[in-house]
Structures are given as structure tokens and as C-alpha cells.
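Peer 1: Here it is, the structure, as C-alpha cells.
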Amino acid sequence: MRVVMISGAGRGLGRAIAEHLAGQGWAMSLGVRDPAQVEDLTDAHVIAQRFDANNPDDAKAWVEATVAHFGRLDALVNNAGILRFVDFETGQDADCEQDLDDLWSVNVKAPFRLIRAALPHLKASGAGRVVNIASTDAKRFRGGTSVGYVMVKHALHAMTQAVRFAGWDEGVRGTAICPGAIDTDLIANLPGVTPKPDRLTPETVAQMVGFVLSMPNQASIPELIANTRLESGV
């Protein structure tokens, strides 16, 4: 049975991914701030591990606990993320600095640490997979959106491509999933967001993750985009 780690699996998209992959027969290690969030998902093939994206030590500890329990690791899904509105004109300087630090800590540095810790085990799998939940904001800048959020999603997309070079010969493949607006709490109160009826469901994006993970080494998918808007560049 193949083993996948999923960060931010307690609710929203992360939970939808976990439920979908469970149906596909994956064994799972779910990284959440509060393991009680996923008690209803845990069984003989599913464990929950405390993971705080802001805590540098949690990444290595989570990977080690997963491999100790299952004896292997085949895939990592970096789903945990936050959204802060940061642009060149809005808010006080101190607020912008903190928001930028938070965005980089959770959306870039945490995935980097997890990939770094997981990579030796993904190489040993022979068909290791890294899926990073990016965004259409990783592909362009659209007026009225958070400059800070766009910056970190571009960085996550670049990191995904670096994974492919880091483990290609050992069968490691990386994919940046780039969805448009997803109907979760992350964007619930965001001004100017895609209207609710036009948003992607978490279940749809979870199916995208499942599809990518089902592909053989010979079918590398560097990115998978699903836009909710008609745009010339995405």
C-alpha cells in the first residue's frame, strides 16, 4: 500500500484530498495542528501527526513518524497555506512586514522543509511524488489581488520544478496544482473573489491530486491548471 503525507488535512481542501485518496486505497499520514480534527478519518491505514507549519522542527518529526509507522513514504501533498492581503499601498508598514513573514513561513518555508526531509524516502520509493497546492496566482498577477500571496505562490511553483531536478533519476516527480478560486473558508470573506457558484469545489481539486498521483513516471505533469475565469494568459 502506497503512503502519502498531506498537510493541512483537518478541513477544507486538505480534508477533501484525504477523503479522496482514502477511497483510492492510499495509506495516509495527516499533518494537522490538532490531531483531534481528523479522529474520524484515522484507522489502521491512517495516522494523524501534529504539524504546525510555523514550527521548523515539526517537518522532520512528522516525516520520521510517518516512516517509522508505515516503513515507507511515496508521496507528499503540501496543502497547508494561508492568505494575507499585502500590496504596495494598503495598511501600515509593520502590518505588511508581519503578513509577509507569515506568508513566507507557512506557504514557502514549511513546504521546503517537508520536501527536504521527505526527499530521501521519496527517492527510495522509486516513484515518489510531490504535489504542491499552488494557485492560478502562481501563473500571473491579476489586479486587485494580494501581491504578497502572488509572490509566495510563484515561489512554491518554482520549488515544485526544482523537485523534479532533485530526484528525477530516482523516479521522483513534482506537480504544482494551480486551481482558481476554491469554495473554502480561505476566501469566504475576500472582496472581489470569484462568486460562489463559479468556484471550484474542494472535491474537484482533490480529484486533480488523485489523478496526478496515479500517473506513472513516464507521464510527468509539471503543473495542472484549472481556472474559474476566462483569461488570456492562464
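Ligands are numbered from 1 in the order shown, chains are lettered A, B, ... in the order of the C-alpha cells, and residues start at 1 in each chain.
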Would you kindly return, as an mmCIF file with N, CA and C atoms, in the first residue's frame, each protein, DNA or RNA residue with an atom no farther than 8 Å from any atom of Asn217 in chain A, considering only C-alpha atoms and excluding same-chain residues fewer than 4 positions away?

Peer 2:
data_model
loop_
_atom_site.group_PDB
_atom_site.id
_atom_site.type_symbol
_atom_site.label_atom_id
_atom_site.label_comp_id
_atom_site.auth_asym_id
_atom_site.auth_seq_id
_atom_site.Cartn_x
_atom_site.Cartn_y
_atom_site.Cartn_z
ATOM 1 N N ALA A 127 9.122 5.845 -7.134
ATOM 2 C CA ALA A 127 8.040 6.568 -7.817
ATOM 3 C C ALA A 127 7.478 7.620 -6.872
ATOM 4 N N GLY A 171 13.106 8.572 -9.857
ATOM 5 C CA GLY A 171 11.673 8.410 -10.049
ATOM 6 C C GLY A 171 10.802 9.427 -9.340
ATOM 7 N N VAL A 172 11.413 10.475 -8.778
ATOM 8 C CA VAL A 172 10.616 11.500 -8.091
ATOM 9 C C VAL A 172 10.058 12.476 -9.121
ATOM 10 N N ARG A 173 8.773 12.769 -9.003
ATOM 11 C CA ARG A 173 8.113 13.721 -9.892
ATOM 12 C C ARG A 173 7.380 14.764 -9.048
#

Peer 1: If you count only C-alpha atoms, which residues fall within 10 Å of Arg33 in chain A, apart from same-chain ones fewer than 2 positions away, as a list in words?

Peer 2: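 Surrounding residues, per the criterion: Ser7, Gly8, Ala9, Gly10, Leu30, Gly31, Pro35, Ala36, Gln37, Ala48, Gln49, Arg50, Phe51, Asp52 and Ala53 of chain A.
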
Peer 1: Just how far from CA of Leu73 in chain A is CA of Ala44 in chain A, in Å to one decimal?

Peer 2: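 Here the two named atoms are 16.1 Å from each other.
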
Peer 1: Pick out each residue of range 5-225 of chain A that DSSP on the backbone tags as strand (DSSP E or B); I need them as a VMD selection string.

Peer 2: chain A and resid 5 to 7 27 to 32 43 46 to 50 75 to 78 129 to 133 173 to 179 182 200 223 to 225

Peer 1: Skipping near chain neighbours, those fewer than 6 positions away, what residues fall within 7 Å of Tyr149 in chain A using only C-alpha atoms, listed as a list of chain:residue names?

Peer 2: A:Leu83, A:Arg84, A:Leu103

Peer 1: Might you pull out every residue within 12 Å of Ala158 in chain A, with only C-alpha atoms counted and same-chain residues fewer than 3 positions away left off, and present them as a ChimeraX atom specification?

Peer 2: /A:108,111-112,132,134,138-139,151-155,161-165,174-176,222-223

Peer 1: Please produce an output containing N, CA and C atoms for each residue in the selection, written as a PDB file, in the first residue's frame.

Peer 2:
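Generated file (again23.pdb):
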ATOM      1  N   VAL A 108       5.831  28.834   1.963  1.00  0.00           N
ATOM      2  CA  VAL A 108       7.079  28.529   1.247  1.00  0.00           C
ATOM      3  C   VAL A 108       8.062  27.753   2.117  1.00  0.00           C
ATOM      4  N   PRO A 111       6.722  24.064   3.230  1.00  0.00           N
ATOM      5  CA  PRO A 111       6.854  23.053   2.172  1.00  0.00           C
ATOM      6  C   PRO A 111       8.310  22.708   1.856  1.00  0.00           C
ATOM      7  N   PHE A 112       9.184  23.709   1.887  1.00  0.00           N
ATOM      8  CA  PHE A 112      10.602  23.450   1.618  1.00  0.00           C
ATOM      9  C   PHE A 112      11.164  22.474   2.648  1.00  0.00           C
ATOM     10  N   ASN A 132       2.347  20.138  -4.827  1.00  0.00           N
ATOM     11  CA  ASN A 132       2.220  21.401  -4.115  1.00  0.00           C
ATOM     12  C   ASN A 132       0.958  22.117  -4.575  1.00  0.00           C
ATOM     13  N   ALA A 134      -0.622  25.072  -5.388  1.00  0.00           N
ATOM     14  CA  ALA A 134      -0.269  26.457  -5.713  1.00  0.00           C
ATOM     15  C   ALA A 134      -1.564  27.226  -5.982  1.00  0.00           C
ATOM     16  N   ALA A 138      -0.064  31.656  -9.045  1.00  0.00           N
ATOM     17  CA  ALA A 138       1.322  31.261  -9.278  1.00  0.00           C
ATOM     18  C   ALA A 138       1.718  31.430 -10.739  1.00  0.00           C
ATOM     19  N   LYS A 139       0.738  31.771 -11.596  1.00  0.00           N
ATOM     20  CA  LYS A 139       0.985  31.842 -13.029  1.00  0.00           C
ATOM     21  C   LYS A 139       0.950  33.264 -13.584  1.00  0.00           C
ATOM     22  N   MET A 151       3.374  36.451  -4.727  1.00  0.00           N
ATOM     23  CA  MET A 151       4.818  36.207  -4.603  1.00  0.00           C
ATOM     24  C   MET A 151       5.117  34.813  -4.075  1.00  0.00           C
ATOM     25  N   VAL A 152       4.426  34.427  -2.987  1.00  0.00           N
ATOM     26  CA  VAL A 152       4.762  33.135  -2.383  1.00  0.00           C
ATOM     27  C   VAL A 152       4.269  31.968  -3.239  1.00  0.00           C
ATOM     28  N   LYS A 153       3.165  32.152  -3.949  1.00  0.00           N
ATOM     29  CA  LYS A 153       2.697  31.082  -4.830  1.00  0.00           C
ATOM     30  C   LYS A 153       3.622  30.907  -6.038  1.00  0.00           C
ATOM     31  N   HIS A 154       4.182  32.005  -6.541  1.00  0.00           N
ATOM     32  CA  HIS A 154       5.199  31.880  -7.587  1.00  0.00           C
ATOM     33  C   HIS A 154       6.409  31.102  -7.053  1.00  0.00           C
ATOM     34  N   ALA A 155       6.794  31.399  -5.821  1.00  0.00           N
ATOM     35  CA  ALA A 155       7.939  30.703  -5.221  1.00  0.00           C
ATOM     36  C   ALA A 155       7.647  29.217  -5.050  1.00  0.00           C
ATOM     37  N   GLN A 161       9.202  22.794  -9.460  1.00  0.00           N
ATOM     38  CA  GLN A 161      10.033  22.436 -10.605  1.00  0.00           C
ATOM     39  C   GLN A 161      11.417  21.971 -10.156  1.00  0.00           C
ATOM     40  N   ALA A 162      11.911  22.563  -9.068  1.00  0.00           N
ATOM     41  CA  ALA A 162      13.212  22.151  -8.534  1.00  0.00           C
ATOM     42  C   ALA A 162      13.187  20.715  -8.031  1.00  0.00           C
ATOM     43  N   VAL A 163      12.045  20.289  -7.508  1.00  0.00           N
ATOM     44  CA  VAL A 163      11.902  18.906  -7.029  1.00  0.00           C
ATOM     45  C   VAL A 163      12.159  17.918  -8.160  1.00  0.00           C
ATOM     46  N   ARG A 164      11.657  18.229  -9.336  1.00  0.00           N
ATOM     47  CA  ARG A 164      11.812  17.322 -10.461  1.00  0.00           C
ATOM     48  C   ARG A 164      13.288  17.100 -10.792  1.00  0.00           C
ATOM     49  N   PHE A 165      14.079  18.153 -10.694  1.00  0.00           N
ATOM     50  CA  PHE A 165      15.513  18.041 -10.958  1.00  0.00           C
ATOM     51  C   PHE A 165      16.250  17.342  -9.810  1.00  0.00           C
ATOM     52  N   GLY A 174       7.367  16.001  -9.516  1.00  0.00           N
ATOM     53  CA  GLY A 174       6.711  17.080  -8.792  1.00  0.00           C
ATOM     54  C   GLY A 174       5.657  17.755  -9.657  1.00  0.00           C
ATOM     55  N   THR A 175       4.550  18.115  -9.040  1.00  0.00           N
ATOM     56  CA  THR A 175       3.470  18.789  -9.757  1.00  0.00           C
ATOM     57  C   THR A 175       2.947  19.957  -8.931  1.00  0.00           C
ATOM     58  N   ALA A 176       2.798  21.096  -9.579  1.00  0.00           N
ATOM     59  CA  ALA A 176       2.126  22.236  -8.968  1.00  0.00           C
ATOM     60  C   ALA A 176       0.669  22.230  -9.429  1.00  0.00           C
ATOM     61  N   PRO A 222       4.271  18.580 -14.807  1.00  0.00           N
ATOM     62  CA  PRO A 222       4.876  19.648 -14.009  1.00  0.00           C
ATOM     63  C   PRO A 222       3.861  20.570 -13.355  1.00  0.00           C
ATOM     64  N   GLU A 223       2.732  20.826 -14.051  1.00  0.00           N
ATOM     65  CA  GLU A 223       1.695  21.678 -13.477  1.00  0.00           C
ATOM     66  C   GLU A 223       0.341  21.265 -14.036  1.00  0.00           C
TER      67      GLU A 223
END

Peer 1: My list of candidates is A:Arg113, A:Lys123, A:His157, A:Arg2. Which is closest to Asp169 in chain A when distances are computed with only C-alpha atoms?

Peer 2: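 Looking only at the distances to Asp169 in chain A, the closest residue turns out to be A:Lys123.
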
Peer 1: Kindly give the distance, in Å, that separates CA of Arg15 in chain A and CA of Thr66 in chain A, rounded to a single decimal.

Peer 2: 18.0 Å

Peer 1: Tell me which protein, DNA and RNA residues are within 8 Å of range 192-203 of chain A, counting only C-alpha atoms, leaving out same-chain ones fewer than 2 positions away, and put them as a ChimeraX atom specification.

Peer 2: /A:12-13,16-17,20,144,179-184,187,190,205-207,228

Peer 1: Take the residues just selected and output them with N, CA and C atoms as a PDB file, in the first residue's frame.

Peer 2:
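Generated output (out21.pdb):
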ATOM      1  N   GLY A  12     -11.499  21.741   4.876  1.00  0.00           N
ATOM      2  CA  GLY A  12     -11.405  22.339   3.553  1.00  0.00           C
ATOM      3  C   GLY A  12     -10.806  21.412   2.522  1.00  0.00           C
ATOM      4  N   LEU A  13      -9.898  21.972   1.714  1.00  0.00           N
ATOM      5  CA  LEU A  13      -9.292  21.204   0.632  1.00  0.00           C
ATOM      6  C   LEU A  13      -8.490  20.023   1.154  1.00  0.00           C
ATOM      7  N   ALA A  16     -10.702  17.179   1.943  1.00  0.00           N
ATOM      8  CA  ALA A  16     -11.242  16.589   0.715  1.00  0.00           C
ATOM      9  C   ALA A  16     -10.200  15.707   0.028  1.00  0.00           C
ATOM     10  N   ILE A  17      -8.950  16.144   0.025  1.00  0.00           N
ATOM     11  CA  ILE A  17      -7.876  15.336  -0.561  1.00  0.00           C
ATOM     12  C   ILE A  17      -7.722  14.029   0.206  1.00  0.00           C
ATOM     13  N   HIS A  20     -10.577  11.682  -0.566  1.00  0.00           N
ATOM     14  CA  HIS A  20     -10.486  11.137  -1.927  1.00  0.00           C
ATOM     15  C   HIS A  20      -9.395  10.073  -2.016  1.00  0.00           C
ATOM     16  N   GLY A 144      -5.765  43.859  -8.120  1.00  0.00           N
ATOM     17  CA  GLY A 144      -6.672  43.756  -7.001  1.00  0.00           C
ATOM     18  C   GLY A 144      -6.413  42.585  -6.077  1.00  0.00           C
ATOM     19  N   PRO A 179      -5.141  25.765  -9.037  1.00  0.00           N
ATOM     20  CA  PRO A 179      -6.578  26.000  -9.204  1.00  0.00           C
ATOM     21  C   PRO A 179      -6.925  27.479  -9.076  1.00  0.00           C
ATOM     22  N   GLY A 180      -8.053  27.841  -9.662  1.00  0.00           N
ATOM     23  CA  GLY A 180      -8.636  29.145  -9.390  1.00  0.00           C
ATOM     24  C   GLY A 180      -9.304  29.112  -8.024  1.00  0.00           C
ATOM     25  N   ALA A 181     -10.262  29.980  -7.812  1.00  0.00           N
ATOM     26  CA  ALA A 181     -10.908  30.096  -6.507  1.00  0.00           C
ATOM     27  C   ALA A 181     -11.581  28.784  -6.104  1.00  0.00           C
ATOM     28  N   ILE A 182     -11.275  28.336  -4.887  1.00  0.00           N
ATOM     29  CA  ILE A 182     -11.879  27.124  -4.331  1.00  0.00           C
ATOM     30  C   ILE A 182     -12.845  27.531  -3.228  1.00  0.00           C
ATOM     31  N   ASP A 183     -13.977  26.891  -3.169  1.00  0.00           N
ATOM     32  CA  ASP A 183     -15.009  27.256  -2.210  1.00  0.00           C
ATOM     33  C   ASP A 183     -14.678  26.723  -0.821  1.00  0.00           C
ATOM     34  N   THR A 184     -13.738  27.417  -0.143  1.00  0.00           N
ATOM     35  CA  THR A 184     -13.359  27.080   1.230  1.00  0.00           C
ATOM     36  C   THR A 184     -13.358  28.351   2.071  1.00  0.00           C
ATOM     37  N   ILE A 187     -11.193  31.890   1.347  1.00  0.00           N
ATOM     38  CA  ILE A 187     -11.591  33.057   0.555  1.00  0.00           C
ATOM     39  C   ILE A 187     -13.013  33.512   0.864  1.00  0.00           C
ATOM     40  N   LEU A 190     -13.345  37.350   1.216  1.00  0.00           N
ATOM     41  CA  LEU A 190     -12.380  38.134   0.443  1.00  0.00           C
ATOM     42  C   LEU A 190     -13.098  39.000  -0.586  1.00  0.00           C
ATOM     43  N   VAL A 205     -10.800  19.630  -6.870  1.00  0.00           N
ATOM     44  CA  VAL A 205      -9.338  19.766  -6.777  1.00  0.00           C
ATOM     45  C   VAL A 205      -8.729  18.491  -6.203  1.00  0.00           C
ATOM     46  N   ALA A 206      -9.428  17.845  -5.276  1.00  0.00           N
ATOM     47  CA  ALA A 206      -8.942  16.575  -4.738  1.00  0.00           C
ATOM     48  C   ALA A 206      -8.817  15.527  -5.840  1.00  0.00           C
ATOM     49  N   GLN A 207      -9.761  15.526  -6.772  1.00  0.00           N
ATOM     50  CA  GLN A 207      -9.675  14.606  -7.907  1.00  0.00           C
ATOM     51  C   GLN A 207      -8.455  14.909  -8.769  1.00  0.00           C
ATOM     52  N   THR A 228     -11.091  29.294 -12.965  1.00  0.00           N
ATOM     53  CA  THR A 228     -12.525  29.567 -12.855  1.00  0.00           C
ATOM     54  C   THR A 228     -12.919  30.794 -13.681  1.00  0.00           C
TER      55      THR A 228
END

Peer 1: Would you work out the distance separating CA of Ile133 in chain A from CA of Val77 in chain A, expressed in Å to one decimal?

Peer 2: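 Separating CA of Ile133 in chain A from CA of Val77 in chain A is a distance of 7.5 Å.
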
Peer 1: With distances taken over only C-alpha atoms, which residue among A:His45, A:His69, A:Arg11, A:Arg129 lies nearest Pro216 in chain A?

Peer 2: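 Among the listed residues, A:Arg129 lies closest to Pro216 in chain A.
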
Peer 1: Could you please write out, as an NGL selection string, every residue of range 4-34 of chain A that DSSP assigns to alpha helix (DSSP H)?

Peer 2: :A and (12-23)

Peer 1: Nearest to Trp104 in chain A among A:Ile82, A:Met28, A:Leu213, A:Met5, with distances taken over only C-alpha atoms: which residue is it?

Peer 2: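 The answer is A:Ile82, which sits nearest to Trp104 in chain A.
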
Peer 1: Between A:Leu114, A:Ala80, A:Ala18, A:Cys96, which is the closest to Asp57 in chain A once you count only C-alpha atoms?

Peer 2: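 Among the listed residues, the smallest separation from Asp57 in chain A belongs to A:Leu114.
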